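Inspection log for the structure reproduced underneath, given as structure tokens.
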Amino acid sequence: CFLTGETLRHMSRHRETFASRKMTSLSRGEDEEERKTRVANAVPKTWLEKTALSVSDDAFSKRLFVRCYASHLEIENNENVRDWMYALTETNMREMYEQTWGWNSLEKRRELSDQNAKFVLVFTREMKRGEEGKEAKVALNTTDEDEDEEKPVAFAHYRFEVDDDDVASVYIYELQVEQTMKRSGLGRVLMRACEKIGCALGLKHAALTVLKTNQAARSFYAKIGYEETDHAPVDAHYVIMRKRI
């Protein structure tokens with residue numbers, strides 16, 4: 001996969017910095033940027049979904065739709081979606097990770113289960129086929145529309161955070177697309193959805209982390225307006241990119 005946000009290591013390396021910032025914040029009181037992230041984290045799922053849909057209506061066919069998950073608990077309660085997200089990330093990224101800092105299954109699962117994690121997913125609706133579908137239709141007295149199966153094909157994992165410049169931002173941790181849906185525009189739609197959510201909440205930046213060796217991803221993000229910053233250590237395997245929204 002060429003779309004990703006390899007952020008967990010970046011956050012780990014900067015843990016002491018963030019912890020120090022938090023202690024400073026507690027001693028001086030919450031500032032405006034921190035207030036923005038707190039308010040953003042409390043926004044309900046319905047609002048997130050409505051905002052995300054506002055950028056996808058003209059880009060999606062009748063068989064594609066967006067669904068938002070406002071907290072990690074919603075994902076934990078949906079094992080099929082949770083396991084699919086992990087499996088897709090591993091399929092797309094494991095080889096690239098192993099060429100740099102290594103793949104850690106437990107860390108990646110923890111990242112997806114973080115208490116501040118939020119998600120935008122794209123699903124397809126596919127008609128059931130064969131005799132089993134017909135029998136189910138008769139037994140349940142359903143319509144053809146009821147028989148549609150939902151299948152996830154792409155997702156973005158994002159969080160609301162105060163960035164390294166002390167600015168409230170929407171941070172895209174992961175952007176993954178199924179191989180069969182590459183070059184279909186889903187990556188752009190998901191990025192626009194995250195940006196629109198952040199902008200509507202008054203956040204100034206969208207940011208992400210990408211491996212230096214992932215040239216295709218760096219090119220993609222540059223094309224949609226992201227610029228590389230100097231926030232990452234010089235010897236790091238990754239760069240941090242940011243866009244004003």
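Note on naming: chains are A, B, ... as they come in the structure tokens, residues start from 1 per chain, ligands start from 1 in the order shown.
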
Might you pull out every residue within 12 Å of Ala222 (chain A), with only C-alpha atoms counted and same-chain residues fewer than 2 positions away left off, and present them as a ChimeraX atom specification?
/A:188,207-208,210,215-220,224-229,240-243

Long-range neighbours of His157 (chain A) as a compact mmCIF listing (two decimals) with C-alpha atoms, in the first residue's frame, 7 Å cut-off, only C-alpha atoms, 2 positions minimum in chain:
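out09.txt written:
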```
# COMPACT_ATOMS: atom_id res chain seq x y z
CA ALA A 117 -8.60 6.89 18.00
CA LYS A 118 -11.34 7.82 15.52
CA PHE A 119 -12.03 6.34 12.11
CA VAL A 120 -13.60 7.06 8.75
CA PHE A 155 -10.14 3.53 6.13
CA ILE A 172 -3.93 11.11 10.37
CA TYR A 173 -2.35 7.99 11.83
CA GLU A 174 -3.26 5.56 9.10
CA LEU A 175 -4.67 5.66 5.59
```

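The coordinates place CA of Arg94 (chain A) at 26.7 Å from CA of Glu195 (chain A).
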
Separation of CA of His205 (chain A) from CA of His72 (chain A), in Å and rounded to one decimal
22.6 Å

Selection near Leu121 (chain A), 10 Å with only C-alpha atoms, sequence-local residues under 4 positions removed, as a list in words
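The residues that qualify are Ala52, Phe65, Val66, Arg67, Cys68, Tyr69, Val81, Met85, Pro152, Val153, Ala154, Phe155, Ala156, His157, Leu175, Gln176, Val177, Leu186 and Leu190 of chain A.
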
Top pick for closest residue to Glu178 (chain A), considering A:Asn41, A:Asn92, A:Ser54, A:Asn78 and counting only C-alpha atoms
A:Asn92

Expressed in Å to a single decimal, how great is the separation between CA of Lys36 (chain A) and CA of Ala168 (chain A)?
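For CA of Lys36 (chain A) relative to CA of Ala168 (chain A), the distance reads 6.5 Å.
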
When you look at Leu211 (chain A) with a cut-off of 8 Å (counting only C-alpha atoms), what residues show up, excluding the ones that are within fewer than 2 positions of it in the same chain? I need them as a ChimeraX atom specification.
/A:6,209,213-214,237-239

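Close contacts of Thr51 (chain A), defined as residues with an atom at most 12 Å away when counting only C-alpha atoms, with chain neighbours fewer than 3 positions off set aside, comprise Val43, Pro44, Lys45, Thr46, Trp47, Leu48, Ser54, Val55, Ser56, Asp57, Val66, Arg67, Cys68, Val120, Leu190, Arg192, Ala193, Cys194, Glu195, Lys196, Ile197, Gly198, Cys199, Ala200 and Leu201 of chain A.
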
Step one, run DSSP on the backbone; step two, keep only residues of region 57-239 of chain A assigned to alpha helix (DSSP H); then write them as an MDAnalysis selection string.
chainID A and resid 72:76 79:98 105:112 130:140 186:200 215:223

Given the selection you just returned, output its residues as a file containing C-alpha atoms, formatted as a PDB file, in the first residue's frame.
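Saved result, part_11.pdb, follows:
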```
ATOM      1  CA  HIS A  72     -12.075   3.058  19.907  1.00  0.00           C
ATOM      2  CA  LEU A  73     -14.923   1.427  21.851  1.00  0.00           C
ATOM      3  CA  GLU A  74     -17.079   1.324  18.732  1.00  0.00           C
ATOM      4  CA  ILE A  75     -14.299  -0.522  16.936  1.00  0.00           C
ATOM      5  CA  GLU A  76     -13.692  -2.881  19.859  1.00  0.00           C
ATOM      6  CA  GLU A  79     -14.531  -7.367  15.781  1.00  0.00           C
ATOM      7  CA  ASN A  80     -14.948  -7.928  12.053  1.00  0.00           C
ATOM      8  CA  VAL A  81     -14.116  -4.311  11.200  1.00  0.00           C
ATOM      9  CA  ARG A  82     -11.321  -4.126  13.774  1.00  0.00           C
ATOM     10  CA  ASP A  83      -9.669  -7.304  12.514  1.00  0.00           C
ATOM     11  CA  TRP A  84     -10.079  -6.199   8.900  1.00  0.00           C
ATOM     12  CA  MET A  85      -8.325  -2.880   9.608  1.00  0.00           C
ATOM     13  CA  TYR A  86      -5.410  -4.631  11.261  1.00  0.00           C
ATOM     14  CA  ALA A  87      -5.131  -7.268   8.523  1.00  0.00           C
ATOM     15  CA  LEU A  88      -5.221  -4.646   5.760  1.00  0.00           C
ATOM     16  CA  THR A  89      -2.544  -2.582   7.483  1.00  0.00           C
ATOM     17  CA  GLU A  90      -0.333  -5.637   7.886  1.00  0.00           C
ATOM     18  CA  THR A  91      -0.847  -6.722   4.278  1.00  0.00           C
ATOM     19  CA  ASN A  92      -0.047  -3.282   2.929  1.00  0.00           C
ATOM     20  CA  MET A  93       2.713  -2.202   5.293  1.00  0.00           C
ATOM     21  CA  ARG A  94       4.508  -5.082   6.990  1.00  0.00           C
ATOM     22  CA  GLU A  95       7.206  -5.517   4.358  1.00  0.00           C
ATOM     23  CA  MET A  96       7.978  -1.796   4.320  1.00  0.00           C
ATOM     24  CA  TYR A  97       8.106  -1.671   8.125  1.00  0.00           C
ATOM     25  CA  GLU A  98      10.470  -4.644   8.269  1.00  0.00           C
ATOM     26  CA  SER A 105       1.845  -6.665  15.746  1.00  0.00           C
ATOM     27  CA  LEU A 106       1.032  -5.796  19.343  1.00  0.00           C
ATOM     28  CA  GLU A 107       1.994  -2.148  18.935  1.00  0.00           C
ATOM     29  CA  LYS A 108      -0.093  -1.812  15.785  1.00  0.00           C
ATOM     30  CA  ARG A 109      -3.136  -3.338  17.470  1.00  0.00           C
ATOM     31  CA  ARG A 110      -2.663  -1.012  20.434  1.00  0.00           C
ATOM     32  CA  GLU A 111      -2.451   1.947  18.083  1.00  0.00           C
ATOM     33  CA  LEU A 112      -5.800   1.065  16.515  1.00  0.00           C
ATOM     34  CA  GLY A 130     -26.586 -17.846  -5.399  1.00  0.00           C
ATOM     35  CA  GLU A 131     -29.278 -20.072  -3.937  1.00  0.00           C
ATOM     36  CA  GLU A 132     -28.391 -19.292  -0.322  1.00  0.00           C
ATOM     37  CA  GLY A 133     -29.231 -15.650  -0.908  1.00  0.00           C
ATOM     38  CA  LYS A 134     -32.556 -16.557  -2.533  1.00  0.00           C
ATOM     39  CA  GLU A 135     -33.494 -18.890   0.322  1.00  0.00           C
ATOM     40  CA  ALA A 136     -32.621 -16.233   2.881  1.00  0.00           C
ATOM     41  CA  LYS A 137     -34.761 -13.719   1.011  1.00  0.00           C
ATOM     42  CA  VAL A 138     -37.805 -15.990   1.120  1.00  0.00           C
ATOM     43  CA  ALA A 139     -37.302 -16.997   4.756  1.00  0.00           C
ATOM     44  CA  LEU A 140     -36.834 -13.457   5.999  1.00  0.00           C
ATOM     45  CA  LEU A 186     -10.797   6.751  -2.074  1.00  0.00           C
ATOM     46  CA  GLY A 187      -7.550   7.981  -0.544  1.00  0.00           C
ATOM     47  CA  ARG A 188      -8.321  11.552  -1.532  1.00  0.00           C
ATOM     48  CA  VAL A 189     -11.894  11.280  -0.279  1.00  0.00           C
ATOM     49  CA  LEU A 190     -10.781   9.980   3.118  1.00  0.00           C
ATOM     50  CA  MET A 191      -8.141  12.679   3.467  1.00  0.00           C
ATOM     51  CA  ARG A 192     -10.669  15.377   2.535  1.00  0.00           C
ATOM     52  CA  ALA A 193     -13.098  13.942   5.081  1.00  0.00           C
ATOM     53  CA  CYS A 194     -10.511  14.140   7.879  1.00  0.00           C
ATOM     54  CA  GLU A 195      -9.535  17.655   6.834  1.00  0.00           C
ATOM     55  CA  LYS A 196     -13.157  18.802   6.618  1.00  0.00           C
ATOM     56  CA  ILE A 197     -13.854  17.455  10.111  1.00  0.00           C
ATOM     57  CA  GLY A 198     -10.808  19.247  11.498  1.00  0.00           C
ATOM     58  CA  CYS A 199     -11.593  22.515   9.719  1.00  0.00           C
ATOM     59  CA  ALA A 200     -15.221  22.496  10.884  1.00  0.00           C
ATOM     60  CA  GLN A 215       8.136   7.643  -2.050  1.00  0.00           C
ATOM     61  CA  ALA A 216       4.725   6.970  -3.569  1.00  0.00           C
ATOM     62  CA  ALA A 217       2.973   8.083  -0.370  1.00  0.00           C
ATOM     63  CA  ARG A 218       5.136  11.183  -0.038  1.00  0.00           C
ATOM     64  CA  SER A 219       4.292  12.091  -3.626  1.00  0.00           C
ATOM     65  CA  PHE A 220       0.569  11.510  -3.053  1.00  0.00           C
ATOM     66  CA  TYR A 221       0.463  13.709   0.048  1.00  0.00           C
ATOM     67  CA  ALA A 222       2.469  16.438  -1.671  1.00  0.00           C
ATOM     68  CA  LYS A 223      -0.033  16.472  -4.542  1.00  0.00           C
TER      69      LYS A 223
END
```
